[in-house]
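Printed here is target34.cif (mmCIF, C-alpha atoms):
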```cif
data_query
#
loop_
_atom_site.label_atom_id
_atom_site.label_comp_id
_atom_site.auth_asym_id
_atom_site.auth_seq_id
_atom_site.Cartn_x
_atom_site.Cartn_y
_atom_site.Cartn_z
CA MET H 1278 102.19 -171.15 183.68
CA ARG H 1279 100.53 -171.82 180.35
CA HIS H 1280 97.56 -170.28 178.56
CA LEU H 1281 95.50 -171.47 175.61
CA MET H 1282 95.13 -168.99 172.78
CA SER H 1283 95.10 -171.27 169.76
CA PRO H 1284 94.75 -175.05 169.38
CA LEU H 1285 98.29 -175.03 168.00
CA ASP H 1286 99.61 -173.87 171.39
CA LEU H 1287 99.51 -177.54 172.37
CA THR H 1288 101.94 -180.03 170.87
CA VAL H 1289 100.44 -183.15 169.31
CA GLU H 1290 101.57 -185.13 172.39
CA GLU H 1291 100.03 -182.63 174.81
CA LEU H 1292 96.85 -182.68 172.79
CA ASP H 1293 96.73 -186.47 172.87
CA ASP H 1294 97.19 -186.42 176.65
CA LEU H 1295 94.42 -183.83 176.99
CA LEU H 1296 91.99 -185.87 174.88
CA THR H 1297 92.87 -189.02 176.81
CA LEU H 1298 92.15 -187.20 180.07
CA ALA H 1299 88.82 -185.99 178.63
CA ASN H 1300 87.88 -189.58 177.79
CA ASP H 1301 88.80 -190.69 181.31
CA ILE H 1302 86.57 -187.92 182.70
CA GLU H 1303 83.79 -189.12 180.41
CA HIS H 1304 84.00 -192.67 181.70
CA ASN H 1305 84.83 -191.92 185.35
CA PRO H 1306 83.11 -188.64 186.25
CA SER H 1307 83.04 -189.36 189.98
CA LYS H 1308 86.85 -189.61 190.03
CA TYR H 1309 87.01 -185.92 189.08
CA ALA H 1310 83.97 -184.63 190.98
CA HIS H 1311 86.13 -182.88 193.61
CA ALA H 1312 89.27 -182.30 191.55
CA CYS H 1313 88.85 -178.50 191.60
CA GLU H 1314 87.30 -178.07 195.03
CA GLY H 1315 88.18 -174.63 196.36
CA LYS H 1316 89.16 -173.37 192.92
CA LYS H 1317 87.35 -170.63 191.02
CA LEU H 1318 86.85 -170.11 187.30
CA ALA H 1319 86.22 -166.57 186.09
CA THR H 1320 84.16 -166.40 182.91
CA CYS H 1321 84.75 -162.97 181.38
CA PHE H 1322 82.38 -162.75 178.43
CA TYR H 1323 82.38 -159.36 176.74
CA GLU H 1324 79.83 -160.55 174.20
CA PRO H 1325 76.83 -162.86 174.45
CA SER H 1326 77.35 -166.58 174.23
CA THR H 1327 75.17 -169.38 175.44
CA ARG H 1328 76.85 -172.69 174.87
CA THR H 1329 80.49 -171.70 175.32
CA ARG H 1330 79.94 -169.89 178.61
CA LEU H 1331 77.57 -172.49 180.02
CA SER H 1332 79.87 -175.26 178.86
CA PHE H 1333 82.79 -173.70 180.75
CA GLU H 1334 80.64 -173.18 183.81
CA ALA H 1335 79.29 -176.74 183.68
CA ALA H 1336 82.87 -178.02 183.31
CA MET H 1337 84.07 -176.20 186.44
CA LEU H 1338 80.99 -177.18 188.47
CA ASN H 1339 81.47 -180.83 187.43
CA LEU H 1340 84.99 -180.60 188.83
CA GLY H 1341 83.70 -179.37 192.18
CA GLY H 1342 84.91 -175.82 191.64
CA SER H 1343 82.95 -172.60 191.56
CA VAL H 1344 82.35 -169.94 188.97
CA LEU H 1345 82.17 -166.14 188.88
CA GLY H 1346 82.13 -163.66 186.04
CA PHE H 1347 80.07 -161.53 183.70
CA SER H 1348 78.21 -162.28 180.50
CA SER H 1349 78.30 -159.02 178.58
CA ALA H 1350 80.53 -155.97 178.31
CA ASP H 1351 77.67 -153.80 179.61
CA SER H 1352 77.71 -155.58 182.93
CA SER H 1353 81.49 -155.29 183.32
CA SER H 1354 83.84 -152.40 183.99
CA ALA H 1355 84.53 -152.31 180.23
CA ALA H 1356 81.39 -150.16 180.06
CA LYS H 1357 83.31 -147.60 182.15
CA GLY H 1358 86.22 -147.78 179.75
CA GLU H 1359 88.51 -150.16 181.60
CA SER H 1360 91.12 -151.90 179.44
CA VAL H 1361 91.38 -155.68 179.10
CA SER H 1362 94.83 -155.51 180.70
CA ASP H 1363 93.50 -153.81 183.82
CA THR H 1364 90.47 -156.07 184.09
CA ILE H 1365 92.52 -159.26 183.96
CA ARG H 1366 94.96 -157.94 186.57
CA VAL H 1367 92.02 -157.53 188.91
CA ILE H 1368 90.37 -160.84 187.98
CA SER H 1369 93.71 -162.55 188.72
CA CYS H 1370 93.17 -161.59 192.35
CA TYR H 1371 89.73 -163.21 192.50
CA ALA H 1372 90.01 -166.48 190.55
CA ASP H 1373 92.40 -169.34 189.79
CA ILE H 1374 91.75 -169.58 186.06
CA CYS H 1375 89.92 -167.45 183.51
CA ALA H 1376 88.01 -168.04 180.28
CA ILE H 1377 87.64 -164.89 178.20
CA ARG H 1378 85.48 -164.09 175.18
CA HIS H 1379 85.87 -160.73 173.51
CA PRO H 1380 84.73 -159.30 170.18
CA LYS H 1381 88.19 -157.91 169.43
CA GLU H 1382 90.76 -160.22 167.88
CA GLY H 1383 93.80 -160.76 170.09
CA ALA H 1384 92.02 -159.65 173.29
CA ALA H 1385 92.72 -162.98 175.00
CA LEU H 1386 96.41 -162.71 174.10
CA VAL H 1387 96.56 -159.27 175.70
CA ALA H 1388 94.85 -160.68 178.80
CA SER H 1389 97.31 -163.59 178.98
CA SER H 1390 100.28 -161.24 178.83
CA LYS H 1391 99.14 -159.43 181.98
CA SER H 1392 97.47 -162.27 183.85
CA LEU H 1393 98.73 -164.01 186.98
CA ILE H 1394 96.40 -166.97 186.30
CA PRO H 1395 95.97 -169.24 183.24
CA VAL H 1396 93.82 -167.66 180.54
CA ILE H 1397 91.71 -169.63 178.06
CA ASN H 1398 90.63 -167.95 174.85
CA ALA H 1399 86.90 -168.65 174.62
CA GLY H 1400 86.67 -166.83 171.29
CA ASP H 1401 88.21 -163.56 170.10
CA GLY H 1402 86.08 -162.15 167.30
CA GLY H 1403 86.51 -164.04 164.06
CA HIS H 1404 90.04 -165.05 165.00
CA GLN H 1405 90.38 -168.14 167.21
CA HIS H 1406 88.07 -170.40 169.17
CA PRO H 1407 90.42 -173.12 170.40
CA THR H 1408 88.05 -174.93 172.76
CA GLN H 1409 85.64 -175.53 169.86
CA THR H 1410 88.50 -177.15 167.96
CA LEU H 1411 89.42 -179.28 170.99
CA THR H 1412 85.76 -180.30 171.16
CA ASP H 1413 85.78 -181.28 167.47
CA LEU H 1414 88.99 -183.27 167.86
CA LEU H 1415 87.70 -185.09 170.94
CA THR H 1416 84.45 -185.95 169.15
CA ILE H 1417 86.26 -187.34 166.12
CA ARG H 1418 88.85 -189.26 168.14
CA SER H 1419 86.29 -190.70 170.54
CA LEU H 1420 83.84 -191.82 167.89
CA LYS H 1421 86.25 -192.74 165.09
CA GLY H 1422 89.11 -193.93 167.26
CA ARG H 1423 91.72 -191.90 165.38
CA LEU H 1424 92.69 -188.48 164.09
CA ASN H 1425 94.67 -189.78 161.12
CA ARG H 1426 93.58 -191.65 157.97
CA LEU H 1427 90.49 -189.51 157.55
CA LYS H 1428 88.68 -187.91 154.65
CA ILE H 1429 86.99 -184.84 156.09
CA GLY H 1430 84.36 -182.82 154.29
CA LEU H 1431 83.94 -179.24 155.47
CA CYS H 1432 80.76 -177.74 154.13
CA GLY H 1433 79.22 -174.25 154.06
CA ASP H 1434 80.89 -170.98 154.93
CA LEU H 1435 84.56 -171.82 154.59
CA LYS H 1436 85.56 -168.21 154.07
CA PHE H 1437 84.54 -166.67 157.39
CA GLY H 1438 84.08 -169.78 159.54
CA ARG H 1439 86.80 -169.63 162.20
CA THR H 1440 85.94 -173.13 163.48
CA VAL H 1441 86.73 -174.52 160.03
CA HIS H 1442 90.05 -172.71 159.79
CA SER H 1443 91.13 -173.84 163.25
CA LEU H 1444 90.09 -177.43 162.59
CA ILE H 1445 92.06 -177.56 159.34
CA HIS H 1446 95.14 -176.22 161.12
CA ALA H 1447 94.78 -178.73 163.94
CA LEU H 1448 94.14 -181.76 161.72
CA SER H 1449 96.92 -180.83 159.30
CA ARG H 1450 99.36 -182.09 161.96
CA TYR H 1451 98.11 -185.68 161.55
CA THR H 1452 99.06 -188.09 158.80
CA ASP H 1453 96.96 -189.18 155.88
CA VAL H 1454 94.21 -186.62 156.34
CA GLU H 1455 92.45 -185.35 153.22
CA PHE H 1456 90.15 -182.34 153.13
CA ILE H 1457 87.14 -182.03 150.85
CA LEU H 1458 86.19 -178.36 150.89
CA ILE H 1459 82.56 -177.89 149.89
CA SER H 1460 81.34 -174.32 149.43
CA PRO H 1461 79.85 -171.92 146.91
CA GLU H 1462 82.40 -169.89 144.96
CA GLU H 1463 81.83 -166.82 147.16
CA LEU H 1464 82.53 -168.66 150.42
CA ARG H 1465 85.62 -170.67 149.46
CA ILE H 1466 88.48 -171.21 151.89
CA PRO H 1467 90.81 -168.17 152.17
CA GLY H 1468 93.94 -168.17 150.04
CA TYR H 1469 96.27 -168.17 153.02
CA ILE H 1470 94.94 -171.54 154.14
CA ARG H 1471 94.89 -173.03 150.65
CA GLU H 1472 98.37 -171.77 149.69
CA ASP H 1473 100.27 -171.26 152.93
CA LEU H 1474 99.05 -174.38 154.70
CA LEU H 1475 97.56 -177.03 152.43
CA ARG H 1476 99.73 -176.59 149.32
CA LYS H 1477 102.85 -175.74 151.33
CA LYS H 1478 102.56 -178.90 153.45
CA SER H 1479 101.39 -180.99 150.47
CA ILE H 1480 98.18 -181.91 152.26
CA PRO H 1481 95.68 -183.41 149.81
CA PHE H 1482 92.48 -181.42 149.30
CA GLN H 1483 89.69 -180.95 146.78
CA GLU H 1484 87.35 -178.00 146.37
CA LEU H 1485 83.81 -178.91 145.35
CA GLU H 1486 80.57 -177.04 145.04
CA ARG H 1487 78.05 -179.88 145.30
CA LEU H 1488 77.65 -181.68 148.61
CA GLU H 1489 76.23 -184.71 146.79
CA ASP H 1490 79.51 -185.17 144.88
CA ALA H 1491 81.51 -185.34 148.08
CA MET H 1492 79.15 -187.40 150.21
CA PRO H 1493 80.13 -191.00 149.24
CA MET H 1494 83.82 -190.54 150.05
CA LEU H 1495 83.61 -188.86 153.45
CA ASP H 1496 84.51 -190.24 156.89
CA ILE H 1497 83.48 -186.97 158.56
CA LEU H 1498 81.08 -184.29 157.37
CA TYR H 1499 81.54 -181.00 159.22
CA MET H 1500 78.60 -178.71 158.48
CA THR H 1501 78.72 -174.99 159.24
CA ARG H 1502 76.20 -172.21 159.41
CA VAL H 1503 76.29 -169.28 157.01
CA GLN H 1504 76.56 -166.39 159.45
CA LYS H 1505 74.34 -163.43 158.70
CA GLU H 1506 76.62 -160.97 160.48
CA ARG H 1507 79.43 -161.67 157.98
CA PHE H 1508 77.52 -160.27 155.02
CA PHE H 1509 77.31 -156.66 154.01
CA ASN H 1510 74.00 -157.00 152.25
CA GLU H 1511 70.91 -159.01 153.00
CA GLU H 1512 70.55 -160.19 149.41
CA ASP H 1513 73.87 -162.08 149.42
CA TYR H 1514 73.04 -163.67 152.75
CA VAL H 1515 69.61 -164.83 151.60
CA ARG H 1516 71.16 -166.33 148.46
CA MET H 1517 73.82 -168.21 150.45
CA LYS H 1518 71.98 -169.31 153.56
CA ASP H 1519 70.06 -172.16 151.97
CA TYR H 1520 72.86 -173.23 149.64
CA TYR H 1521 73.42 -176.45 151.56
CA ILE H 1522 70.73 -178.26 153.44
CA LEU H 1523 71.60 -181.71 154.65
CA THR H 1524 68.60 -184.03 154.34
CA LYS H 1525 67.99 -187.73 154.90
CA ASP H 1526 67.84 -188.15 151.15
CA LYS H 1527 71.34 -186.71 150.63
CA LEU H 1528 72.62 -188.89 153.48
CA SER H 1529 71.57 -192.03 151.65
CA HIS H 1530 74.76 -191.72 149.56
CA ALA H 1531 77.02 -191.45 152.63
CA LYS H 1532 79.07 -194.18 154.26
CA GLU H 1533 77.34 -196.11 157.03
CA ASP H 1534 79.91 -194.99 159.58
CA MET H 1535 80.31 -191.39 158.47
CA LEU H 1536 79.96 -188.83 161.29
CA ILE H 1537 78.09 -185.53 160.97
CA LEU H 1538 79.51 -182.73 163.12
CA HIS H 1539 78.35 -179.14 163.53
CA PRO H 1540 79.69 -176.51 165.95
CA LEU H 1541 76.07 -175.33 166.59
CA PRO H 1542 73.89 -173.35 166.62
CA ARG H 1543 72.37 -174.63 163.41
CA VAL H 1544 69.75 -172.71 161.54
CA ASN H 1545 68.50 -174.78 158.67
CA GLU H 1546 71.63 -176.28 157.14
CA ILE H 1547 70.82 -179.62 158.75
CA SER H 1548 67.24 -180.74 158.44
CA VAL H 1549 65.69 -181.78 161.77
CA GLU H 1550 64.85 -185.19 160.27
CA VAL H 1551 68.60 -185.94 160.24
CA ASP H 1552 68.82 -185.66 164.06
CA SER H 1553 67.58 -189.22 164.53
CA ASP H 1554 70.20 -190.67 162.19
CA PRO H 1555 72.92 -192.46 164.22
CA ARG H 1556 75.54 -190.64 162.16
CA ALA H 1557 74.35 -187.26 163.48
CA VAL H 1558 76.63 -186.61 166.46
CA TYR H 1559 76.40 -182.83 166.86
CA PHE H 1560 74.56 -183.00 170.16
CA LYS H 1561 77.06 -185.56 171.48
CA GLN H 1562 79.70 -183.11 170.30
CA ALA H 1563 78.25 -180.48 172.68
CA GLN H 1564 78.62 -183.03 175.52
CA TYR H 1565 82.23 -183.67 174.51
CA GLY H 1566 82.71 -179.91 174.74
CA VAL H 1567 82.15 -180.13 178.49
CA TYR H 1568 84.57 -183.06 178.93
CA VAL H 1569 87.34 -181.37 176.97
CA ARG H 1570 86.90 -178.12 178.90
CA MET H 1571 87.10 -180.08 182.15
CA ALA H 1572 90.32 -181.67 180.94
CA LEU H 1573 91.67 -178.30 179.87
CA ILE H 1574 90.91 -176.62 183.20
CA LEU H 1575 92.58 -179.49 185.08
CA THR H 1576 95.61 -179.46 182.79
CA LEU H 1577 96.18 -175.70 182.92
CA LEU H 1578 95.78 -175.66 186.71
CA LYS H 1579 98.30 -178.51 186.94
CA TRP H 1580 100.77 -176.62 184.75
CA ARG H 1581 100.39 -173.45 186.80
CA MET P 577 126.73 -133.18 137.46
CA LEU P 578 125.72 -132.41 141.03
CA ASN P 579 128.53 -132.73 143.56
CA ILE P 580 128.02 -133.50 147.20
CA SER P 581 131.16 -133.86 149.24
CA GLY P 582 131.99 -137.05 151.12
CA ILE P 583 131.58 -137.36 154.86
CA GLN P 584 134.35 -137.84 157.31
CA GLU P 585 132.55 -139.98 159.82
CA GLY P 586 129.06 -141.40 159.55
CA PHE P 587 127.09 -143.65 157.23
CA VAL P 588 125.67 -143.69 153.74
CA LEU P 589 122.48 -145.44 152.83
CA ASP P 590 122.90 -146.45 149.22
CA HIS P 591 120.74 -148.21 146.64
CA ILE P 592 117.49 -146.76 147.98
CA LYS P 593 114.70 -147.14 145.45
CA ALA P 594 114.30 -143.83 143.61
CA GLY P 595 111.69 -141.70 145.33
CA MET P 596 111.84 -143.51 148.69
CA SER P 597 114.49 -141.39 150.44
CA MET P 598 112.14 -138.83 151.99
CA SER P 599 109.90 -141.44 153.57
CA ILE P 600 112.93 -143.36 154.85
CA TYR P 601 114.27 -140.10 156.29
CA LYS P 602 111.03 -139.78 158.24
CA ASP P 603 110.70 -143.45 159.17
CA LEU P 604 114.21 -143.53 160.60
CA LYS P 605 113.46 -140.28 162.45
CA LEU P 606 116.58 -138.69 160.95
CA ASP P 607 114.86 -135.33 161.30
CA ARG P 608 115.55 -135.56 165.03
CA LEU P 609 119.31 -135.66 164.51
CA ASP P 610 121.40 -132.56 164.87
CA CYS P 611 124.08 -133.50 162.36
CA GLN P 612 124.60 -132.86 158.64
CA ILE P 613 122.41 -134.96 156.40
CA ALA P 614 122.29 -135.01 152.62
CA ILE P 615 119.43 -136.57 150.70
CA ILE P 616 120.23 -137.31 147.10
CA LYS P 617 117.32 -138.12 144.84
CA ASN P 618 117.39 -139.77 141.44
CA ALA P 619 121.15 -140.31 141.33
CA ARG P 620 122.36 -142.24 138.28
CA SER P 621 123.00 -145.89 138.99
CA ASN P 622 124.38 -148.62 136.71
CA LYS P 623 122.56 -151.23 138.77
CA MET P 624 119.22 -149.51 139.30
CA GLY P 625 119.01 -146.84 136.61
CA LYS P 626 118.01 -144.25 139.22
CA LYS P 627 118.45 -144.45 142.96
CA ASP P 628 118.27 -142.34 146.10
CA MET P 629 120.98 -142.00 148.74
CA ILE P 630 121.15 -140.58 152.24
CA LYS P 631 124.42 -139.42 153.77
CA VAL P 632 124.48 -138.87 157.50
CA GLU P 633 127.38 -137.43 159.41
CA CYS P 634 126.96 -139.09 162.79
CA PRO P 635 127.80 -142.48 164.39
CA ILE P 636 125.89 -145.54 163.14
CA ASP P 637 124.30 -146.08 166.60
CA ALA P 638 121.76 -143.44 165.63
CA LEU P 639 120.38 -145.76 162.97
CA ASP P 640 117.75 -148.43 163.67
CA LEU P 641 118.89 -151.21 161.35
CA ASP P 642 115.82 -153.32 162.13
CA ILE P 643 113.47 -150.68 160.80
CA LEU P 644 115.67 -150.15 157.78
CA GLY P 645 115.81 -153.91 157.13
CA PHE P 646 112.05 -154.03 157.40
CA ILE P 647 111.58 -151.15 154.93
CA ASP P 648 113.97 -152.59 152.35
CA HIS P 649 116.70 -155.07 153.14
CA ASN P 650 118.34 -154.41 149.75
CA ILE P 651 119.55 -150.99 150.87
CA THR P 652 123.33 -150.88 151.34
CA VAL P 653 124.66 -149.35 154.56
CA ASN P 654 128.21 -148.07 154.25
CA ILE P 655 129.97 -147.01 157.42
CA ILE P 656 132.47 -144.25 156.89
CA GLN P 657 135.48 -143.37 159.02
CA ASN P 658 138.16 -140.88 157.98
CA ASP P 659 136.50 -140.47 154.58
CA LYS P 660 136.70 -144.19 153.83
CA ILE P 661 134.19 -147.02 153.81
CA VAL P 662 135.29 -149.24 156.69
CA GLU P 663 132.30 -151.59 156.78
CA LYS P 664 129.30 -152.56 154.71
CA LYS P 665 126.41 -153.62 156.93
CA LYS P 666 124.14 -156.34 155.61
CA LEU P 667 120.50 -155.78 156.37
CA HIS P 668 118.06 -158.53 157.11
CA LEU P 669 114.36 -158.77 157.74
CA PRO P 670 113.84 -158.37 161.50
CA ASN P 671 111.88 -161.13 163.24
CA GLN P 672 109.54 -158.53 164.66
CA VAL P 673 108.90 -154.83 164.41
CA VAL P 674 107.56 -152.94 167.39
CA ASN P 675 105.64 -149.67 167.19
CA VAL P 676 106.67 -148.99 163.62
CA ILE P 677 103.36 -149.73 161.95
CA GLN P 678 99.79 -149.82 163.13
CA CYS P 679 97.46 -152.75 162.55
CA LYS P 680 94.74 -151.71 160.12
CA ASN P 681 92.27 -154.40 161.16
CA PRO P 682 89.39 -152.57 162.85
CA ARG P 683 88.52 -155.77 164.73
CA CYS P 684 92.02 -156.00 166.28
CA ILE P 685 92.38 -155.37 170.01
CA THR P 686 95.12 -152.82 169.21
CA SER P 687 92.35 -150.53 167.91
CA ILE P 688 90.92 -150.01 171.41
CA GLU P 689 93.41 -151.13 174.07
CA GLN P 690 95.45 -148.28 175.52
CA GLU P 691 99.25 -148.38 175.69
CA LEU P 692 99.48 -151.59 173.72
CA ASP P 693 102.63 -152.05 171.63
CA GLN P 694 101.95 -152.57 167.92
CA ILE P 695 103.88 -155.72 167.14
CA PHE P 696 104.26 -157.39 163.75
CA ILE P 697 105.99 -160.75 163.47
CA LEU P 698 107.79 -162.19 160.44
CA THR P 699 105.84 -165.38 159.67
CA ASP P 700 107.21 -166.21 156.22
CA LYS P 701 110.75 -165.14 155.48
CA GLU P 702 110.64 -166.31 151.89
CA LYS P 703 107.53 -164.32 151.00
CA GLU P 704 108.41 -161.50 153.45
CA ILE P 705 105.08 -161.78 155.21
CA TYR P 706 104.50 -160.01 158.51
CA ARG P 707 101.41 -160.59 160.62
CA CYS P 708 99.99 -158.71 163.58
CA LYS P 709 100.91 -160.51 166.80
CA TYR P 710 97.36 -160.13 168.11
CA CYS P 711 94.98 -160.71 165.21
CA ASP P 712 97.24 -162.32 162.56
CA GLU P 713 96.25 -159.66 160.04
CA ARG P 714 98.70 -159.75 157.17
CA LEU P 715 100.66 -156.60 156.60
CA LYS P 716 100.41 -155.17 153.12
CA LYS P 717 103.96 -154.05 152.42
CA LYS P 718 103.07 -151.08 150.22
CA ARG P 719 101.24 -149.35 153.03
CA HIS P 720 103.79 -150.38 155.62
CA LEU P 721 104.81 -147.11 157.17
CA GLU P 722 103.00 -143.88 157.72
#
```
As structure tokens, please, write out the structure in this file.
Amino acid sequence: MRHLMSPLDLTVEELDDLLTLANDIEHNPSKYAHACEGKKLATCFYEPSTRTRLSFEAAMLNLGGSVLGFSSADSSSAAKGESVSDTIRVISCYADICAIRHPKEGAALVASSKSLIPVINAGDGGHQHPTQTLTDLLTIRSLKGRLNRLKIGLCGDLKFGRTVHSLIHALSRYTDVEFILISPEELRIPGYIREDLLRKKSIPFQELERLEDAMPMLDILYMTRVQKERFFNEEDYVRMKDYYILTKDKLSHAKEDMLILHPLPRVNEISVEVDSDPRAVYFKQAQYGVYVRMALILTLLKWR
Amino acid sequence: MLNISGIQEGFVLDHIKAGMSMSIYKDLKLDRLDCQIAIIKNARSNKMGKKDMIKVECPIDALDLDILGFIDHNITVNIIQNDKIVEKKKLHLPNQVVNVIQCKNPRCITSIEQELDQIFILTDKEKEIYRCKYCDERLKKKRHLE
């Protein structure tokens, strides 16, 4: 039995197979409409989430399975003080597979160590969010046709953004990928990624402050939101939140086939006028999130 | 010159950084042993200038070499039998340490989950970096043991 805690839990070959399966699901949905009939997915969400939980639930329903679970710690036995280990032991008796989101880092790993069913980490605090990374990879591979030979701009909060960190780790396993890291000084990529990953593996990267300087060279632009909850004072947040706003005007310097991705929700870092640009694929990305979760559920149930 | 007699059977921890012997004594839980133990502080050393030493008169099995390797793998462990050094144990950084240190990350699951082992894994041997198994928090060596 396998679990998914981090995108790096999958080998490059396993990942390729998973993305290929996701594309097959995309093109032949009816073929998979009953693939999980009689199976149940437990969604154990200890903190609020809209898209991730609904995306998992949509994925299981699309596969003909059913869903049970809770959407906040208050409505679970955690409110009575039950440990994650005990909860997952019980959930194992009710469902065939489980997706867990928890505010504490490493909670999903604890669950997986006690679980009798496959566990998917649907986000553990600021630590890992592997299914978002799988979504990003599927979007890029489907729309660009490759995960190598890419110049990828990551823009915004590169310090606290877990999706950015996970994506860099995942893409660093492919050849000829260059990262353009665009952020204000205060939100630069953490040292352990710059030194221990990029420099150590001799992966080319540049750190820039102006989005306009990076724009003409990019194949992918991955925008992120500056998250209010990461700041200790309101003043710093207000100063940073509007640092980058992608507009149609700025896009005029971009390649014709560049793709704009965003893990969503966006606040104002992408102007609404950009939504109609064919290069804006962040809503398609949300759709790919369902396909990749369907592929993941099928794969983990097969490996069980 | 202070004289402390040799031991007949046991082990000597040599080349301990000056000032570290008391904390190592605690970390290795030597206070729980019933045998003779001598702690020598600030002994003269050609190699280190000053050093600490711990002499313990009991079999080596009582010593957790993994914890000692984690604290400082440059410490020399001499095993004594019949008043003579019969073996010098080489210490190495253990691949993981269990329940020796607590993760300091308040967002880590270890801060709330009951009965969970505190596990740190060696992720970079060259730089001697340990990370929490659960949250990947990097261990700051200077605050390693309490």
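Across the model, the gap from atom CA of Leu1573 of chain H to atom CA of His1311 of chain H is 15.5 Å.
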Picked residues, the PyMOL selection byres ((chain H and resi 1505) around 12), as a CSV table (one decimal) with C-alpha atoms, in the coordinates of the input:
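The resulting file, out01.csv, is reproduced below:
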```csv
chain,number,residue,atom,x,y,z
H,1434,ASP,CA,80.9,-171.0,154.9
H,1437,PHE,CA,84.5,-166.7,157.4
H,1438,GLY,CA,84.1,-169.8,159.5
H,1502,ARG,CA,76.2,-172.2,159.4
H,1503,VAL,CA,76.3,-169.3,157.0
H,1504,GLN,CA,76.6,-166.4,159.4
H,1506,GLU,CA,76.6,-161.0,160.5
H,1507,ARG,CA,79.4,-161.7,158.0
H,1508,PHE,CA,77.5,-160.3,155.0
H,1509,PHE,CA,77.3,-156.7,154.0
H,1510,ASN,CA,74.0,-157.0,152.2
H,1511,GLU,CA,70.9,-159.0,153.0
H,1512,GLU,CA,70.6,-160.2,149.4
H,1513,ASP,CA,73.9,-162.1,149.4
H,1514,TYR,CA,73.0,-163.7,152.8
H,1515,VAL,CA,69.6,-164.8,151.6
H,1516,ARG,CA,71.2,-166.3,148.5
H,1517,MET,CA,73.8,-168.2,150.4
H,1518,LYS,CA,72.0,-169.3,153.6
H,1519,ASP,CA,70.1,-172.2,152.0
H,1544,VAL,CA,69.8,-172.7,161.5
```
Inset, instruction - Would you mind listing what lies within 8 Å of Arg1570 of chain H as a ChimeraX atom specification, with all atoms listed in the file counted and same-chain residues fewer than 2 positions away left out? - result: /H:1332-1333,1336,1408,1566-1568,1572-1574
Mind writing the picked residues with C-alpha atoms as a PDB file, in the frame of the given file?
```
ATOM      1  CA  SER H1332      79.870-175.260 178.860  1.00  0.00           C
ATOM      2  CA  PHE H1333      82.790-173.700 180.750  1.00  0.00           C
ATOM      3  CA  ALA H1336      82.870-178.020 183.310  1.00  0.00           C
ATOM      4  CA  THR H1408      88.050-174.930 172.760  1.00  0.00           C
ATOM      5  CA  GLY H1566      82.710-179.910 174.740  1.00  0.00           C
ATOM      6  CA  VAL H1567      82.150-180.130 178.490  1.00  0.00           C
ATOM      7  CA  TYR H1568      84.570-183.060 178.930  1.00  0.00           C
ATOM      8  CA  ALA H1572      90.320-181.670 180.940  1.00  0.00           C
ATOM      9  CA  LEU H1573      91.670-178.300 179.870  1.00  0.00           C
ATOM     10  CA  ILE H1574      90.910-176.620 183.200  1.00  0.00           C
TER      11      ILE H1574
END
```
Inset, instruction - Hey, list the chain H side of the contact with chain P: 10 Å cut-off, all atoms listed in the file, answer as a ChimeraX atom specification. - result: /H:1358-1362,1379-1387,1401-1405,1469,1473
Inset, instruction - Could you expand the PyMOL selection byres ((chain H and resi 1327) around 12) into the explicit residues it covers here, written as an MDAnalysis selection string? - result: chainID H and resid 1322 1324:1326 1328:1335 1348:1349 1378 1399 1541:1542 1563
Legend entry - Shell of 9 Å around Ile655 of chain P, all atoms listed in the file, local chain residues under 5 positions omitted, as a PyMOL selection string: chain P and resi 585-589+635-636+660-665
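Interatomic distance, atom CA of Ala1312 of chain H against atom CA of Pro1395 of chain H: 16.9 Å.
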Inset, instruction - Could you tell me how far atom CA of Lys1477 of chain H lies from atom CA of Leu1498 of chain H, in Å and to one decimal? - result: 24.2 Å
Inset, instruction - For segment 1545-1547 of chain H, list every protein, DNA or RNA residue within 12 Å, evaluated using only C-alpha atoms, and leave out those in the same chain fewer than 6 positions away; present the list as a PyMOL selection string. - result: chain H and resi 1432-1434+1488+1498-1504+1517-1528+1537-1539+1553-1554+1557-1559
Inset, instruction - Name every residue that the PyMOL selection byres ((chain H and resi 1376) around 6) selects in this structure, writing the answer as number ranges by chain with chains first and numbers rising. - result: H: 1320, 1375, 1377, 1396-1397, 1399
Write out as an mmCIF file with C-alpha atoms, keeping the file's coordinate frame which residues come within 7 Å of Gln584 of chain P when counting all atoms listed in the file, dropping same-chain ones fewer than 5 positions away.
```
data_model
loop_
_atom_site.group_PDB
_atom_site.id
_atom_site.type_symbol
_atom_site.label_atom_id
_atom_site.label_comp_id
_atom_site.auth_asym_id
_atom_site.auth_seq_id
_atom_site.Cartn_x
_atom_site.Cartn_y
_atom_site.Cartn_z
ATOM 1 C CA ILE P 656 132.470 -144.250 156.890
ATOM 2 C CA GLN P 657 135.480 -143.370 159.020
ATOM 3 C CA ASN P 658 138.160 -140.880 157.980
ATOM 4 C CA ASP P 659 136.500 -140.470 154.580
#
```
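Proximity to Ile600 of chain P at 9 Å, evaluated using only C-alpha atoms and with sequence-adjacent residues fewer than 5 positions away removed, yields Ile592, Lys605, Leu606, Leu644 and Ile647 of chain P.
Distances to Ile580 of chain P were evaluated for P:Lys617, P:Lys602, P:Asp610, P:Lys593 using all atoms listed in the file, and the minimum falls at P:Lys617.
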